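Report on the structure given below.
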Amino acid sequence: MHEFIANLPVFREAIGQTFYIVLISVVAGGVLGLAIGLVLYATRPGNLMANRPVYVVANILVNVVRPIPFVIFITAIQPLMLHTIGTTIGTNAVTFALSLSAAFAVSRIVEQNLLTVSPGVIEAARAAGARPVSIIVTVLIPEALGPIVLGYTFIFVAVVDMSAQAGLFGGGGLGDFAITYGSQRYNWPIVYITVATIVVIVQAGQFLGNRLARRALRR
């Protein structure tokens, strides 16, 4: 236990790195994923802004990228990272890759939840003369908000999980701390404390997400 206390400053830094990676990835990936999800929904044949070529391209892109394991995904997009942020290692590189990975996962969640909105609600808005963009903003998103928030909560948990792999690419974080100062030195108390910290972060995010979803559903 004294080794953990000795490495407490490093532990605090690892927590900060994890929060930095997770929060930016969830926000950036959430916004981009929302946009892609709206495109998938709106351009689907028979929907508000039906456009089969756009839908097919977006759908294939999401289907191809979404199942790729994060370690392979971040390796595959290294040329893109070099071109956009100038590096393939470090906290910013991991955050960039996680944001993209989360965006494709979010997009499918958004699309599926929008599809659950009753067609009658949409037809009523159309009959009232609302335009497609107005229907999306004032009808679709509010109607599906509760399930979408729950979907974002799931993505938060998944991003926390994936952030534990940040150390493989020099990104730091709690996963890297647990491996470097815990398992590699056979210091299991450090591993267990780190695991407990990750569990607390996940549970706090889950609690907040569930609470926000309940509020949205009660509107």
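Ligands are numbered from 1 in the order shown, chains are lettered A, B, ... in the order of the structure tokens, and residues start at 1 in each chain.
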Fill in: Non-local contacts of Ala164 in chain A (9 Å; only C-alpha atoms; under 3 positions in same chain excluded) as an MDAnalysis selection string
chainID A and resid 18 159:161 167:168 172:176
Worksheet entry | Neighbour list for Gly151 in chain A as an MDAnalysis selection string, cut-off 10 Å, only C-alpha atoms, skip fewer than 5 positions in-chain | chainID A and resid 105:106 108:110 113 145:146 156 209 213
Selection from above, C-alpha atoms, as a PDB file, in the first residue's frame, can you write it?
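Writing the result to result28.pdb gives the following:
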ATOM      1  CA  ALA A 105     -21.385   3.731 -32.549  1.00  0.00           C
ATOM      2  CA  VAL A 106     -23.523   6.730 -31.563  1.00  0.00           C
ATOM      3  CA  ARG A 108     -26.433   3.736 -35.132  1.00  0.00           C
ATOM      4  CA  ILE A 109     -27.946   4.279 -31.667  1.00  0.00           C
ATOM      5  CA  VAL A 110     -29.421   7.610 -32.776  1.00  0.00           C
ATOM      6  CA  ASN A 113     -34.047   5.327 -31.574  1.00  0.00           C
ATOM      7  CA  LEU A 145     -34.650  11.990 -26.326  1.00  0.00           C
ATOM      8  CA  GLY A 146     -34.998   9.578 -23.393  1.00  0.00           C
ATOM      9  CA  PHE A 156     -19.865   6.670 -22.037  1.00  0.00           C
ATOM     10  CA  GLY A 209     -27.382   9.096 -17.554  1.00  0.00           C
ATOM     11  CA  ALA A 213     -33.168   9.810 -19.280  1.00  0.00           C
TER      12      ALA A 213
END
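Considering only C-alpha atoms, the residue among A:Ala124, A:Val54, A:Asn63, A:Ile15 positioned nearest to Val195 in chain A is A:Ile15.
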One residue among A:Arg211, A:Ala204, A:Asn187, A:Phe169 is nearest to Phe70 in chain A when using only C-alpha atoms, and that residue is A:Phe169
Neighbour list for Thr43 in chain A as a PDB file with all heavy atoms, in the first residue's frame, cut-off 8 Å, only C-alpha atoms, skip fewer than 6 positions in-chain:
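Resulting contents of out24.pdb:
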ATOM      1  N   MET A  49     -36.202  12.961 -45.854  1.00  0.00           N
ATOM      2  CA  MET A  49     -35.338  13.499 -46.912  1.00  0.00           C
ATOM      3  C   MET A  49     -34.708  12.335 -47.682  1.00  0.00           C
ATOM      4  O   MET A  49     -33.489  12.278 -47.850  1.00  0.00           O
ATOM      5  CB  MET A  49     -34.261  14.410 -46.302  1.00  0.00           C
ATOM      6  CG  MET A  49     -34.840  15.553 -45.470  1.00  0.00           C
ATOM      7  SD  MET A  49     -33.627  16.383 -44.414  1.00  0.00           S
ATOM      8  CE  MET A  49     -32.653  17.247 -45.641  1.00  0.00           C
ATOM      9  N   ALA A  50     -35.534  11.408 -48.098  1.00  0.00           N
ATOM     10  CA  ALA A  50     -35.061  10.166 -48.717  1.00  0.00           C
ATOM     11  C   ALA A  50     -34.053  10.426 -49.826  1.00  0.00           C
ATOM     12  O   ALA A  50     -34.304  11.203 -50.745  1.00  0.00           O
ATOM     13  CB  ALA A  50     -36.254   9.386 -49.255  1.00  0.00           C
ATOM     14  N   ASN A  51     -32.910   9.774 -49.691  1.00  0.00           N
ATOM     15  CA  ASN A  51     -31.849   9.890 -50.699  1.00  0.00           C
ATOM     16  C   ASN A  51     -31.053   8.586 -50.650  1.00  0.00           C
ATOM     17  O   ASN A  51     -30.157   8.427 -49.836  1.00  0.00           O
ATOM     18  CB  ASN A  51     -30.955  11.087 -50.396  1.00  0.00           C
ATOM     19  CG  ASN A  51     -29.964  11.366 -51.508  1.00  0.00           C
ATOM     20  OD1 ASN A  51     -29.367  10.451 -52.073  1.00  0.00           O
ATOM     21  ND2 ASN A  51     -29.775  12.635 -51.835  1.00  0.00           N
ATOM     22  N   ARG A  52     -31.422   7.662 -51.502  1.00  0.00           N
ATOM     23  CA  ARG A  52     -30.863   6.315 -51.427  1.00  0.00           C
ATOM     24  C   ARG A  52     -29.336   6.280 -51.536  1.00  0.00           C
ATOM     25  O   ARG A  52     -28.680   5.598 -50.745  1.00  0.00           O
ATOM     26  CB  ARG A  52     -31.493   5.420 -52.501  1.00  0.00           C
ATOM     27  CG  ARG A  52     -31.063   3.959 -52.366  1.00  0.00           C
ATOM     28  CD  ARG A  52     -31.839   3.061 -53.323  1.00  0.00           C
ATOM     29  NE  ARG A  52     -31.419   1.679 -53.164  1.00  0.00           N
ATOM     30  CZ  ARG A  52     -31.856   0.874 -52.198  1.00  0.00           C
ATOM     31  NH1 ARG A  52     -32.726   1.323 -51.324  1.00  0.00           N
ATOM     32  NH2 ARG A  52     -31.420  -0.366 -52.135  1.00  0.00           N
ATOM     33  N   VAL A  54     -27.030   8.510 -50.732  1.00  0.00           N
ATOM     34  CA  VAL A  54     -26.428   9.023 -49.495  1.00  0.00           C
ATOM     35  C   VAL A  54     -26.616   8.018 -48.360  1.00  0.00           C
ATOM     36  O   VAL A  54     -25.685   7.727 -47.597  1.00  0.00           O
ATOM     37  CB  VAL A  54     -27.039  10.385 -49.100  1.00  0.00           C
ATOM     38  CG1 VAL A  54     -26.551  10.818 -47.715  1.00  0.00           C
ATOM     39  CG2 VAL A  54     -26.685  11.441 -50.141  1.00  0.00           C
ATOM     40  N   TYR A  55     -27.813   7.449 -48.267  1.00  0.00           N
ATOM     41  CA  TYR A  55     -28.091   6.483 -47.208  1.00  0.00           C
ATOM     42  C   TYR A  55     -27.208   5.250 -47.338  1.00  0.00           C
ATOM     43  O   TYR A  55     -26.653   4.763 -46.341  1.00  0.00           O
ATOM     44  CB  TYR A  55     -29.564   6.064 -47.245  1.00  0.00           C
ATOM     45  CG  TYR A  55     -29.865   4.951 -46.269  1.00  0.00           C
ATOM     46  CD1 TYR A  55     -29.972   5.197 -44.902  1.00  0.00           C
ATOM     47  CD2 TYR A  55     -30.006   3.632 -46.714  1.00  0.00           C
ATOM     48  CE1 TYR A  55     -30.225   4.167 -44.007  1.00  0.00           C
ATOM     49  CE2 TYR A  55     -30.260   2.609 -45.827  1.00  0.00           C
ATOM     50  CZ  TYR A  55     -30.359   2.877 -44.477  1.00  0.00           C
ATOM     51  OH  TYR A  55     -30.593   1.854 -43.596  1.00  0.00           O
TER      52      TYR A  55
END
